[in-house]
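Novice: File follows, target-v1.cif with mmCIF, C-alpha atoms:
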data_upload
loop_
_atom_site.label_atom_id
_atom_site.label_comp_id
_atom_site.auth_asym_id
_atom_site.auth_seq_id
_atom_site.Cartn_x
_atom_site.Cartn_y
_atom_site.Cartn_z
CA MET A 1349 35.71 181.00 81.44
CA SER A 1350 36.47 181.35 77.76
CA ALA A 1351 35.91 178.36 75.48
CA VAL A 1352 38.89 176.50 74.04
CA LEU A 1353 38.71 176.34 70.27
CA THR A 1354 39.63 173.08 68.60
CA SER A 1355 38.91 173.73 64.92
CA GLU A 1356 41.61 173.43 62.31
CA ARG A 1357 43.44 176.72 61.97
CA ALA A 1358 44.66 178.60 58.95
CA GLU A 1359 46.98 181.56 58.74
CA VAL A 1360 45.33 184.33 56.80
CA SER A 1361 46.43 187.78 55.81
CA THR A 1362 44.96 190.79 57.51
CA ASP A 1363 44.49 192.24 54.04
CA ALA A 1364 40.78 191.90 53.17
CA GLU A 1365 41.42 191.32 49.50
CA ALA A 1366 43.97 188.59 50.20
CA LEU A 1367 41.51 186.85 52.53
CA TYR A 1368 38.85 187.05 49.87
CA GLU A 1369 41.16 185.50 47.29
CA LEU A 1370 42.14 182.76 49.72
CA SER A 1371 38.49 181.90 50.37
CA LEU A 1372 37.93 181.54 46.64
CA GLU A 1373 41.03 179.41 46.16
CA GLY A 1374 40.20 177.23 49.16
CA GLY A 1375 36.58 176.80 48.14
CA TRP A 1376 35.28 177.75 51.59
CA GLY A 1377 33.80 181.03 50.53
CA ASP A 1378 30.60 181.68 48.63
CA GLY A 1379 31.95 184.04 46.03
CA ALA A 1380 31.47 187.20 48.08
CA PRO A 1381 34.03 188.73 50.46
CA ILE A 1382 34.13 187.21 53.92
CA LEU A 1383 35.41 188.18 57.33
CA ALA A 1384 38.23 186.28 58.98
CA ALA A 1385 36.96 183.84 61.57
CA THR A 1386 39.37 185.06 64.21
CA ASP A 1387 39.42 183.62 67.73
CA GLU A 1388 37.88 186.84 68.98
CA ARG A 1389 34.95 186.69 66.56
CA VAL A 1390 34.31 182.99 67.08
CA LEU A 1391 34.50 183.25 70.86
CA SER A 1392 32.09 186.17 70.92
CA LEU A 1393 29.58 184.08 68.97
CA LEU A 1394 30.05 181.10 71.27
CA ALA A 1395 29.35 183.33 74.25
CA ALA A 1396 25.90 184.03 72.81
CA THR A 1397 24.66 180.45 73.21
CA PRO A 1398 24.35 178.17 76.24
CA SER A 1399 25.53 175.23 74.12
CA ALA A 1400 29.10 174.04 74.50
CA PRO A 1401 31.41 174.50 71.51
CA ASP A 1402 31.69 170.75 71.03
CA TYR A 1403 27.95 170.20 71.20
CA VAL A 1404 26.87 168.37 68.07
CA ILE A 1405 23.83 169.87 66.38
CA GLY A 1406 23.77 167.10 63.85
CA ALA A 1407 25.32 165.80 60.66
CA LEU A 1408 24.67 168.18 57.78
CA PRO A 1409 23.92 166.68 54.39
CA PRO A 1410 24.78 165.95 51.71
CA GLN A 1411 28.14 164.67 52.97
CA TYR A 1412 27.07 164.52 56.58
CA GLY A 1413 29.78 166.64 58.08
CA VAL A 1414 29.38 166.91 61.82
CA ALA A 1415 28.11 170.34 62.77
CA THR A 1416 29.42 171.31 66.16
CA VAL A 1417 28.48 174.66 67.62
CA GLU A 1418 32.09 175.77 67.17
CA LEU A 1419 32.13 174.93 63.46
CA VAL A 1420 28.85 176.74 63.00
CA ALA A 1421 30.34 179.75 64.79
CA VAL A 1422 33.35 179.71 62.46
CA ASN A 1423 31.07 179.89 59.44
CA ALA A 1424 28.84 182.50 61.05
CA ALA A 1425 31.91 184.60 61.80
CA MET A 1426 32.91 184.47 58.15
CA ALA A 1427 29.39 185.54 57.19
CA GLY A 1428 29.54 188.58 59.47
CA CYS A 1429 26.95 187.33 61.93
CA VAL A 1430 26.72 189.27 65.19
CA PRO A 1431 26.54 187.35 68.49
CA GLU A 1432 22.93 188.35 69.15
CA ALA A 1433 21.91 186.70 65.88
CA PHE A 1434 23.91 183.52 66.39
CA PRO A 1435 21.16 181.64 68.30
CA LEU A 1436 18.94 182.11 65.24
CA VAL A 1437 21.56 180.44 63.05
CA LEU A 1438 21.65 177.49 65.42
CA ALA A 1439 17.84 177.36 65.48
CA ALA A 1440 17.72 177.34 61.69
CA LEU A 1441 20.14 174.41 61.52
CA GLU A 1442 18.20 172.56 64.19
CA ALA A 1443 15.05 172.96 62.08
CA ILE A 1444 16.83 171.96 58.88
CA LEU A 1445 17.99 168.74 60.53
CA VAL A 1446 14.48 167.54 61.37
CA PRO A 1447 14.14 164.45 59.14
CA GLU A 1448 10.81 165.55 57.66
CA PHE A 1449 12.50 168.64 56.25
CA ASN A 1450 14.44 166.26 54.01
CA ALA A 1451 17.66 168.25 53.98
CA PHE A 1452 19.47 165.54 52.05
CA GLY A 1453 16.92 165.76 49.26
CA LEU A 1454 17.11 169.55 49.23
CA THR A 1455 20.88 169.66 49.03
CA THR A 1456 21.28 167.02 46.35
CA THR A 1457 18.29 167.40 44.02
CA THR A 1458 18.33 168.77 40.50
CA SER A 1459 15.67 171.24 41.65
CA SER A 1460 16.40 174.85 42.51
CA VAL A 1461 15.14 174.41 46.07
CA PHE A 1462 16.99 175.72 49.12
CA PRO A 1463 16.12 176.38 52.77
CA MET A 1464 14.43 179.76 53.16
CA LEU A 1465 14.33 181.23 56.66
CA ILE A 1466 11.31 183.08 58.05
CA VAL A 1467 11.83 184.81 61.39
CA ASN A 1468 9.28 185.77 64.02
CA GLY A 1469 9.88 187.27 67.42
CA PRO A 1470 10.96 190.25 69.44
CA SER A 1471 14.56 190.35 68.14
CA ARG A 1472 13.55 190.59 64.49
CA ALA A 1473 13.81 194.35 64.10
CA GLU A 1474 16.85 194.98 66.30
CA LEU A 1475 18.83 192.28 64.49
CA GLY A 1476 18.16 193.91 61.14
CA ILE A 1477 16.01 191.14 59.76
CA ASP A 1478 14.11 192.63 56.86
CA TYR A 1479 10.35 192.42 56.92
CA ARG A 1480 9.22 195.61 55.23
CA ALA A 1481 9.97 196.90 51.72
CA GLY A 1482 12.42 194.68 49.87
CA CYS A 1483 12.44 192.00 52.55
CA MET A 1484 13.18 189.21 50.08
CA GLY A 1485 16.09 190.99 48.52
CA GLY A 1486 17.53 194.43 48.44
CA ALA A 1487 16.59 195.79 51.84
CA ALA A 1488 20.12 194.92 52.99
CA GLY A 1489 19.43 194.30 56.66
CA ARG A 1490 22.44 192.90 58.44
CA GLY A 1491 20.46 190.17 60.16
CA SER A 1492 18.82 188.99 56.96
CA MET A 1493 22.03 188.90 55.01
CA THR A 1494 24.29 187.37 57.63
CA ILE A 1495 21.95 184.82 59.22
CA GLY A 1496 20.94 183.44 55.85
CA ARG A 1497 24.51 183.45 54.67
CA SER A 1498 25.73 181.73 57.84
CA VAL A 1499 23.35 178.85 57.26
CA SER A 1500 24.37 178.60 53.61
CA LEU A 1501 28.05 178.57 54.51
CA CYS A 1502 27.41 175.80 57.04
CA LEU A 1503 25.66 173.70 54.41
CA ARG A 1504 28.55 174.38 52.07
CA ASN A 1505 31.53 174.00 54.37
CA ILE A 1506 30.24 171.51 56.92
CA GLY A 1507 27.66 169.66 54.84
CA GLY A 1508 29.71 169.71 51.66
CA GLN A 1509 26.90 171.08 49.49
CA ARG A 1510 28.26 172.50 46.27
CA ALA A 1511 26.30 173.19 43.10
CA GLY A 1512 27.46 171.08 40.19
CA GLU A 1513 29.28 168.71 42.50
CA THR A 1514 27.45 167.21 45.46
CA SER A 1515 24.34 169.19 44.64
CA ARG A 1516 22.88 168.45 41.22
CA THR A 1517 20.79 171.61 41.16
CA VAL A 1518 20.36 172.64 37.54
CA PHE A 1519 19.83 176.35 38.03
CA GLY A 1520 20.22 177.03 41.73
CA GLN A 1521 18.59 180.25 42.88
CA PRO A 1522 19.56 183.51 44.60
CA ALA A 1523 18.45 182.11 47.96
CA ARG A 1524 21.45 179.79 47.89
CA PHE A 1525 23.48 182.73 49.09
CA GLY A 1526 21.06 182.90 51.98
CA LEU A 1527 17.44 184.03 52.21
CA CYS A 1528 16.23 185.18 55.59
CA PHE A 1529 13.35 187.56 56.19
CA GLY A 1530 10.86 188.34 58.93
CA GLU A 1531 7.12 188.55 59.21
CA TRP A 1532 5.60 191.98 59.83
CA GLU A 1533 3.68 190.72 62.82
CA GLU A 1534 2.43 194.15 63.83
CA ARG A 1535 0.64 194.46 60.49
CA SER A 1536 -0.74 190.95 60.42
CA PRO A 1537 -4.45 190.58 61.13
CA TRP A 1538 -3.82 186.96 62.07
CA PRO A 1539 -1.58 185.20 64.61
CA SER A 1540 2.02 185.12 63.45
CA LEU A 1541 3.42 182.11 61.63
CA ALA A 1542 5.37 181.12 64.75
CA GLN A 1543 2.29 181.40 66.97
CA ARG A 1544 0.34 179.23 64.55
CA ARG A 1545 3.12 176.68 64.87
CA GLY A 1546 2.91 176.55 68.67
CA PHE A 1547 5.35 179.22 69.83
CA THR A 1548 4.63 182.37 71.80
CA ALA A 1549 5.03 185.98 70.75
CA ASP A 1550 8.03 186.21 73.11
CA ASP A 1551 9.98 183.50 71.29
CA ASP A 1552 12.50 184.24 68.58
CA VAL A 1553 11.62 181.56 66.05
CA VAL A 1554 13.11 180.51 62.75
CA THR A 1555 10.91 178.59 60.34
CA VAL A 1556 12.64 176.85 57.46
CA HIS A 1557 10.82 176.32 54.18
CA GLY A 1558 12.11 174.31 51.25
CA GLY A 1559 11.31 176.96 48.69
CA LYS A 1560 11.95 176.75 44.97
CA GLY A 1561 12.19 180.48 44.46
CA THR A 1562 10.23 183.70 44.68
CA PHE A 1563 7.13 183.67 42.49
CA PRO A 1564 5.64 187.15 42.13
CA LEU A 1565 1.90 187.81 41.97
CA ALA A 1566 0.28 191.13 41.16
CA ASP A 1567 -3.15 192.59 40.54
CA ILE A 1568 -4.42 196.11 39.98
CA ASN A 1569 -7.85 195.37 38.60
CA ASN A 1570 -9.94 193.98 41.40
CA ASP A 1571 -10.32 194.99 45.05
CA ASP A 1572 -12.52 192.08 46.07
CA PRO A 1573 -10.65 189.85 48.56
CA ARG A 1574 -12.29 186.63 47.40
CA ASP A 1575 -11.64 187.35 43.75
CA LEU A 1576 -8.05 188.18 44.55
CA LEU A 1577 -7.50 185.07 46.65
CA LEU A 1578 -9.08 182.93 43.95
CA LEU A 1579 -6.54 184.23 41.46
CA ILE A 1580 -3.71 183.60 43.90
CA ALA A 1581 -4.93 180.02 44.40
CA LYS A 1582 -5.05 179.46 40.65
CA SER A 1583 -1.63 181.06 40.17
CA VAL A 1584 0.17 178.90 42.72
CA ALA A 1585 -1.45 175.77 41.23
CA PHE A 1586 0.60 176.08 38.07
CA PRO A 1587 0.76 172.83 36.11
CA LEU A 1588 4.52 172.29 36.37
CA SER A 1589 4.61 172.79 40.13
CA ASN A 1590 6.69 170.22 42.00
CA MET A 1591 3.60 169.42 44.02
CA TYR A 1592 2.07 167.95 40.87
CA LEU A 1593 5.28 166.20 39.85
CA GLY A 1594 5.89 163.97 42.79
CA GLY A 1595 3.68 161.71 44.76
CA SER A 1596 0.46 162.30 46.56
CA GLY A 1597 0.57 166.02 47.21
CA GLU A 1598 0.54 165.37 50.95
CA ASN A 1599 3.92 166.99 51.59
CA GLY A 1600 5.18 170.50 51.19
CA GLU A 1601 3.73 173.93 51.76
CA VAL A 1602 3.25 176.96 49.58
CA VAL A 1603 4.16 180.12 51.46
CA ILE A 1604 2.08 183.06 50.30
CA ALA A 1605 3.59 186.34 51.46
CA VAL A 1606 1.08 189.18 51.24
CA ASN A 1607 1.84 192.80 51.93
CA PRO A 1608 0.03 194.60 54.77
CA ILE A 1609 -2.43 196.32 52.44
CA TRP A 1610 -3.55 193.05 50.92
CA ALA A 1611 -3.56 191.41 54.34
CA ASP A 1612 -6.04 194.01 55.62
CA ARG A 1613 -8.17 193.39 52.54
CA PHE A 1614 -8.12 189.61 53.00
CA ALA A 1615 -8.94 189.93 56.69
CA THR A 1616 -12.27 191.58 55.88
CA ALA A 1617 -13.37 188.36 54.20
CA PHE A 1618 -11.26 185.94 56.22
CA PRO A 1619 -10.93 187.12 59.82
CA GLU A 1620 -9.63 183.66 60.71
CA ILE A 1621 -6.50 182.47 58.93
CA GLU A 1622 -7.87 178.94 58.77
CA ALA A 1623 -10.75 180.15 56.60
CA MET A 1624 -8.28 181.75 54.23
CA GLN A 1625 -6.25 178.54 54.04
CA GLU A 1626 -9.41 176.55 53.39
CA PHE A 1627 -10.37 178.90 50.54
CA LEU A 1628 -6.91 178.63 49.00
CA TRP A 1629 -7.01 174.86 49.21
CA GLN A 1630 -10.49 174.63 47.70
CA HIS A 1631 -9.46 176.72 44.69
CA ALA A 1632 -5.86 175.63 44.11
CA TRP A 1633 -6.63 173.08 41.45
CA GLN A 1634 -6.58 172.74 37.70
CA PRO A 1635 -8.84 170.74 35.39
CA ILE A 1636 -7.27 167.50 34.24
CA GLU A 1637 -7.88 168.61 30.65
CA LEU A 1638 -5.15 171.20 31.12
CA TRP A 1639 -2.48 168.51 30.90
CA PRO A 1640 -1.56 166.52 27.78
CA GLU A 1641 -2.76 162.91 27.73
CA LEU A 1642 0.54 161.42 28.89
CA ASN A 1643 0.56 163.64 31.97
CA ARG A 1644 -3.12 162.89 32.61
CA GLU A 1645 -2.39 159.17 32.80
CA ILE A 1646 0.32 159.73 35.37
CA LEU A 1647 -1.84 162.03 37.49
CA ARG A 1648 -4.68 159.51 37.39
CA SER A 1649 -2.33 156.68 38.36
CA LYS A 1650 -1.32 158.67 41.41
CA ASP A 1651 -4.92 159.20 42.42
CA ARG A 1652 -4.58 162.95 41.94
CA VAL A 1653 -7.82 163.46 40.00
CA ASP A 1654 -11.12 163.78 41.85
CA GLY A 1655 -14.56 162.80 40.61
CA ALA A 1656 -15.12 166.22 39.07
CA GLY A 1657 -11.90 166.04 37.06
CA ARG A 1658 -10.03 168.45 39.32
CA VAL A 1659 -6.38 168.02 40.23
CA SER A 1660 -5.75 169.66 43.56
CA LEU A 1661 -2.32 171.06 44.29
CA ALA A 1662 -2.32 169.89 47.89
CA ARG A 1663 -4.16 167.50 50.15
CA ARG A 1664 -4.84 169.81 53.06
CA PRO A 1665 -5.58 173.50 53.77
CA ASP A 1666 -2.62 173.79 56.14
CA GLN A 1667 -0.28 173.32 53.19
CA PHE A 1668 -1.06 176.93 52.25
CA VAL A 1669 0.86 179.25 54.56
CA PRO A 1670 -0.03 182.95 54.35
CA ILE A 1671 2.36 185.36 56.02
CA VAL A 1672 2.48 189.16 56.11
CA CYS A 1673 5.56 191.11 55.06
CA GLY A 1674 6.77 193.48 52.37
CA GLY A 1675 6.26 197.11 51.60
CA LEU A 1676 3.14 199.22 51.53
CA GLY A 1677 2.95 199.56 47.77
CA SER A 1678 -0.10 197.28 47.66
CA LEU A 1679 -0.71 195.34 44.45
CA HIS A 1680 1.78 192.58 45.16
CA ALA A 1681 2.26 189.20 46.81
CA ILE A 1682 5.00 186.62 46.53
CA ALA A 1683 4.60 182.88 46.64
CA LEU A 1684 7.43 180.62 47.70
CA PRO A 1685 6.56 177.39 45.88
CA SER A 1686 7.36 174.11 47.53
CA PHE A 1687 9.87 171.46 46.61
CA GLY A 1688 7.10 169.05 47.51
CA GLU A 1689 9.02 166.41 49.38
CA SER A 1690 9.87 168.64 52.31
CA GLN A 1691 7.87 169.73 55.34
CA MET A 1692 8.34 173.14 56.91
CA GLN A 1693 10.01 173.10 60.35
CA SER A 1694 10.45 175.65 63.13
CA ALA A 1695 12.79 176.05 66.08
CA ALA A 1696 13.16 178.68 68.76
CA ALA A 1697 16.41 180.50 69.44
CA ILE A 1698 17.93 179.61 72.78
CA ARG A 1699 19.92 182.27 74.56
CA PRO A 1700 22.17 181.99 77.64
CA MET B 1232 9.03 206.68 61.32
CA ASN B 1233 9.18 209.34 63.99
CA PRO B 1234 5.69 210.37 65.25
CA GLN B 1235 7.00 213.85 66.01
CA ASP B 1236 7.93 214.30 62.34
CA VAL B 1237 4.43 213.22 61.36
CA ALA B 1238 2.92 215.67 63.82
CA GLU B 1239 4.89 218.49 62.23
CA ALA B 1240 3.58 217.56 58.79
CA VAL B 1241 0.04 217.41 60.10
CA GLU B 1242 0.46 220.81 61.71
CA GLU B 1243 1.77 222.23 58.43
CA MET B 1244 -1.30 221.02 56.55
CA GLY B 1245 -3.66 221.81 59.41
CA ALA B 1246 -2.57 225.43 59.30
CA LEU B 1247 -3.75 225.66 55.70
CA LEU B 1248 -7.10 224.09 56.50
CA ARG B 1249 -7.72 226.31 59.50
CA LEU B 1250 -8.00 229.23 57.09
CA ASP B 1251 -11.30 227.63 56.01
CA GLY B 1252 -12.36 226.67 59.52
CA ALA B 1253 -11.34 223.02 59.18
CA ASP B 1254 -8.50 221.22 60.93
CA LEU B 1255 -6.51 218.03 60.99
CA ARG B 1256 -5.99 215.80 63.99
CA LEU B 1257 -3.28 213.18 64.20
CA VAL B 1258 -5.04 210.09 65.54
CA ASP B 1259 -2.12 207.68 65.44
CA ALA B 1260 1.37 207.31 64.00
CA ASP B 1261 2.79 203.93 64.92
CA PRO B 1262 6.43 203.23 64.00
CA LYS B 1263 5.80 199.49 64.36
CA THR B 1264 3.14 199.42 61.68
CA ASP B 1265 4.10 202.50 59.63
CA ARG B 1266 0.40 203.37 59.62
CA ILE B 1267 -0.58 207.02 60.02
CA GLU B 1268 -4.18 207.83 60.82
CA ILE B 1269 -5.36 211.40 60.48
CA ALA B 1270 -8.86 212.81 60.97
CA LEU B 1271 -10.28 215.80 59.14
CA GLU B 1272 -12.36 217.93 61.48
CA LEU B 1273 -15.12 220.03 59.97
CA GLU B 1274 -16.94 221.32 63.05
CA GLY B 1275 -16.11 224.98 62.36
CA VAL B 1276 -16.78 224.81 58.65
CA ASP B 1277 -19.75 226.57 57.08
CA CYS B 1278 -19.16 225.21 53.60
CA GLU B 1279 -17.74 221.67 53.44
CA GLU B 1280 -17.37 221.91 49.67
CA CYS B 1281 -15.07 224.88 50.15
CA VAL B 1282 -12.50 222.67 51.89
CA MET B 1283 -10.03 220.88 49.63
CA PRO B 1284 -11.65 217.88 47.88
CA PRO B 1285 -10.92 214.52 49.60
CA ALA B 1286 -8.60 213.07 46.98
CA LEU B 1287 -6.57 216.25 46.66
CA LEU B 1288 -6.41 216.69 50.43
CA GLU B 1289 -5.16 213.13 50.91
CA GLN B 1290 -2.50 213.64 48.25
CA MET B 1291 -1.34 216.90 49.80
CA ILE B 1292 -1.17 215.37 53.26
CA SER B 1293 0.73 212.40 51.85
CA ASP B 1294 3.19 214.75 50.15
CA ALA B 1295 3.64 216.76 53.34
CA VAL B 1296 4.29 213.63 55.40
CA SER B 1297 6.69 212.32 52.75
CA ARG B 1298 8.77 215.45 53.13
CA CYS B 1299 9.12 214.84 56.88
CA VAL B 1300 9.21 211.04 57.14
CA ARG B 1301 11.87 208.71 55.80
CA GLY B 1302 10.61 205.47 54.30
CA GLU B 1303 7.23 204.06 53.52
CA PHE B 1304 4.00 204.71 55.37
CA GLU B 1305 0.32 203.98 54.96
CA LEU B 1306 -1.91 207.04 55.27
CA VAL B 1307 -5.45 206.55 56.51
CA LEU B 1308 -7.44 209.81 56.26
CA ARG B 1309 -10.74 209.91 58.10
CA ASP B 1310 -12.70 212.40 56.03
CA PRO B 1311 -16.33 212.81 57.14
CA ARG B 1312 -17.26 213.75 53.59
CA VAL B 1313 -16.27 210.30 52.34
CA PRO B 1314 -18.89 207.65 53.15
#
What does the file become when written as structure tokens?
Specialist:
Amino acid sequence: MSAVLTSERAEVSTDAEALYELSLEGGWGDGAPILAATDERVLSLLAATPSAPDYVIGALPPQYGVATVELVAVNAAMAGCVPEAFPLVLAALEAILVPEFNAFGLTTTTSSVFPMLIVNGPSRAELGIDYRAGCMGGAAGRGSMTIGRSVSLCLRNIGGQRAGETSRTVFGQPARFGLCFGEWEERSPWPSLAQRRGFTADDDVVTVHGGKGTFPLADINNDDPRDLLLLIAKSVAFPLSNMYLGGSGENGEVVIAVNPIWADRFATAFPEIEAMQEFLWQHAWQPIELWPELNREILRSKDRVDGAGRVSLARRPDQFVPIVCGGLGSLHAIALPSFGESQMQSAAAIRP
Amino acid sequence: MNPQDVAEAVEEMGALLRLDGADLRLVDADPKTDRIEIALELEGVDCEECVMPPALLEQMISDAVSRCVRGEFELVLRDPRVP
């Protein structure tokens, strides 16, 4: 039996350009052309989930609009999401709504942070979720572009998040259009991110990370894995990181995306991912002398300085999250720095 | 990456090497990892130094594979002359 749609309806032109203009005028687009959320498109998305259309996923900040499955489907339809990918959109929203993710903070802060989606699982490749060359922008996989965009449109149209209005983000970032990429599990020498977070290799899993942007790292001068990882640790512990700004450093993760060539190199020295995380944690610090006196006082008052005068970026090794993706050009990694007051969350896609 | 395309490239380069008594063997070409492993076989070679030098051989194989394969790949050449 087909679902009965209850959302507010709008008459739109079949002309693509007219629809685009209408979305801009109405403020329910994101600046790029959209598809019409026709009954047919919305119903096909709803058929891809066991949840009822009126099932409430939660109230999306910052204005706490109620996200029903049907409203999510409407936004996913506008983003061009295919039915097979729709359960991943729902999983992403489920993860975003976990209180420890701090979605209200993310959608209202002056920071550039936004939810970044990392996908693991068997559907990754067939859905067109980019995980090889250009996975964080430019590879143009349908899954990457439409799943990320669906989530962004939900935050915008259901949650009411708008830069310069409800969101005080100063700069924003490209991921606000939607950033969704996969892990190249077949090239990872370690268990996948999802497996490390308690899921199986058969699960399609979305992990959401409150990332402040893409922070590129490169080296062509040293093949030693420990030397290279030391430099990565020092690079991500930059003095104006949010993880030094806020409180104790107990929250937030730094995602470190390494390409398969570097991953193989790191695995020779760190066959276990936990050893790599421990190494990163041990070296991701800066000497207190690096900061001017005023900043030193604040860091000391927050108990961030150890007996040796080191200011560690994080409190625990598990706050460093290596993943494997990207092209085979070697030489490069990308860090996704943390907002700080947000903890990474994961949810599995549920299919009928 | 289509393993059959890789095999054709390996055969193209192998034909050149067979003139000197050497050969190439495709060990693995996995579309899920984009890793191509090729072994240089020198059993029938009297003069190993007469076969193309390792770096040049790897570059020529890489070029040959690039002509047949769309997208990126990682080439691993097992050359017994390289320790």
Novice: Give as a PyMOL selection string the residues that the PyMOL selection byres ((chain B) within 12 of (chain A)) matches when applied to the coordinates above.
Specialist: chain B and resi 1261-1266+1302-1307
Novice: Check which residues satisfy the PyMOL selection byres ((chain B and resi 1241) around 10) in the file shown, then give them as a PyMOL selection string.
Specialist: chain B and resi 1235-1240+1242-1246+1254-1257+1269+1292-1293+1295-1296+1299
Novice: I want to know what sits within 9 Å of Ser1471 (chain A), based on all atoms listed in the file, with residues of the same chain fewer than 6 positions away left out; could you give that as an MDAnalysis selection string?
Specialist: chainID A and resid 1432:1433 1477 1551:1552
Novice: What's the separation between CA of Ala1615 (chain A) and CA of Arg1472 (chain A), in Å to one decimal place?
Specialist: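 Answer for the CA of Ala1615 (chain A) to CA of Arg1472 (chain A) separation: 23.8 Å.
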Novice: Convert the output of the PyMOL selection byres ((chain B and resi 1312) around 8) on the shown file into explicit residues, formatted as a short mmCIF file (atom, residue, chain, number, x, y, z; two decimals) with C-alpha atoms, in the coordinates of the input.
Specialist:
data_model
loop_
_atom_site.label_atom_id
_atom_site.label_comp_id
_atom_site.auth_asym_id
_atom_site.auth_seq_id
_atom_site.Cartn_x
_atom_site.Cartn_y
_atom_site.Cartn_z
CA GLU B 1279 -17.74 221.67 53.44
CA PRO B 1285 -10.92 214.52 49.60
CA ASP B 1310 -12.70 212.40 56.03
CA PRO B 1311 -16.33 212.81 57.14
CA VAL B 1313 -16.27 210.30 52.34
CA PRO B 1314 -18.89 207.65 53.15
#
Novice: What's around Gly1275 (chain B) at 8 Å? Count all atoms listed in the file, leave out sequence neighbours fewer than 2 positions away in its own chain, and write the answer as a list of chain:residue names.
Specialist: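 Listing them by chain and then by number gives B:Gly1252, B:Ala1253, B:Leu1273, B:Asp1277.
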Novice: Tell me which protein, DNA and RNA residues are within 12 Å of region 1627-1633 of chain A, counting only C-alpha atoms, leaving out same-chain ones fewer than 3 positions away, and put them as a ChimeraX atom specification.
Specialist: /A:1573-1587,1589,1591-1592,1597,1601-1604,1614,1617-1618,1620-1624,1636-1638,1652-1654,1656-1670
Novice: Select, from B:Val1258, B:Met1232, B:Leu1308, B:Leu1248, the residue with the minimum atom-to-atom distance to Gln1290 (chain B), counting all atoms listed in the file.
Specialist: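 The answer is B:Leu1308, which sits nearest to Gln1290 (chain B).
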Novice: Excluding same-chain residues fewer than 5 positions from region 1507-1522 of chain A, what lies within 6 Å of it counting only C-alpha atoms, as an NGL selection string?
Specialist: :A and (1408-1413 or 1455-1460)
Novice: For CA of Met1484 (chain A) and CA of Gly1561 (chain A), determine how far apart the two atoms are, in Å to one decimal place.
Specialist: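 Answer for the CA of Met1484 (chain A) to CA of Gly1561 (chain A) separation: 10.4 Å.
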Novice: When you draw a straight line from CA of Gly1558 (chain A) to CA of Pro1401 (chain A), how long is it in Å?
Specialist: 28.0 Å
Novice: Here is a test: counting only C-alpha atoms, which residue of A:Phe1449, A:Ala1384, A:Gly1375, A:Leu1438 is nearest to Ser1361 (chain A)?
Specialist: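 Closest to Ser1361 (chain A) of all the choices is A:Ala1384.
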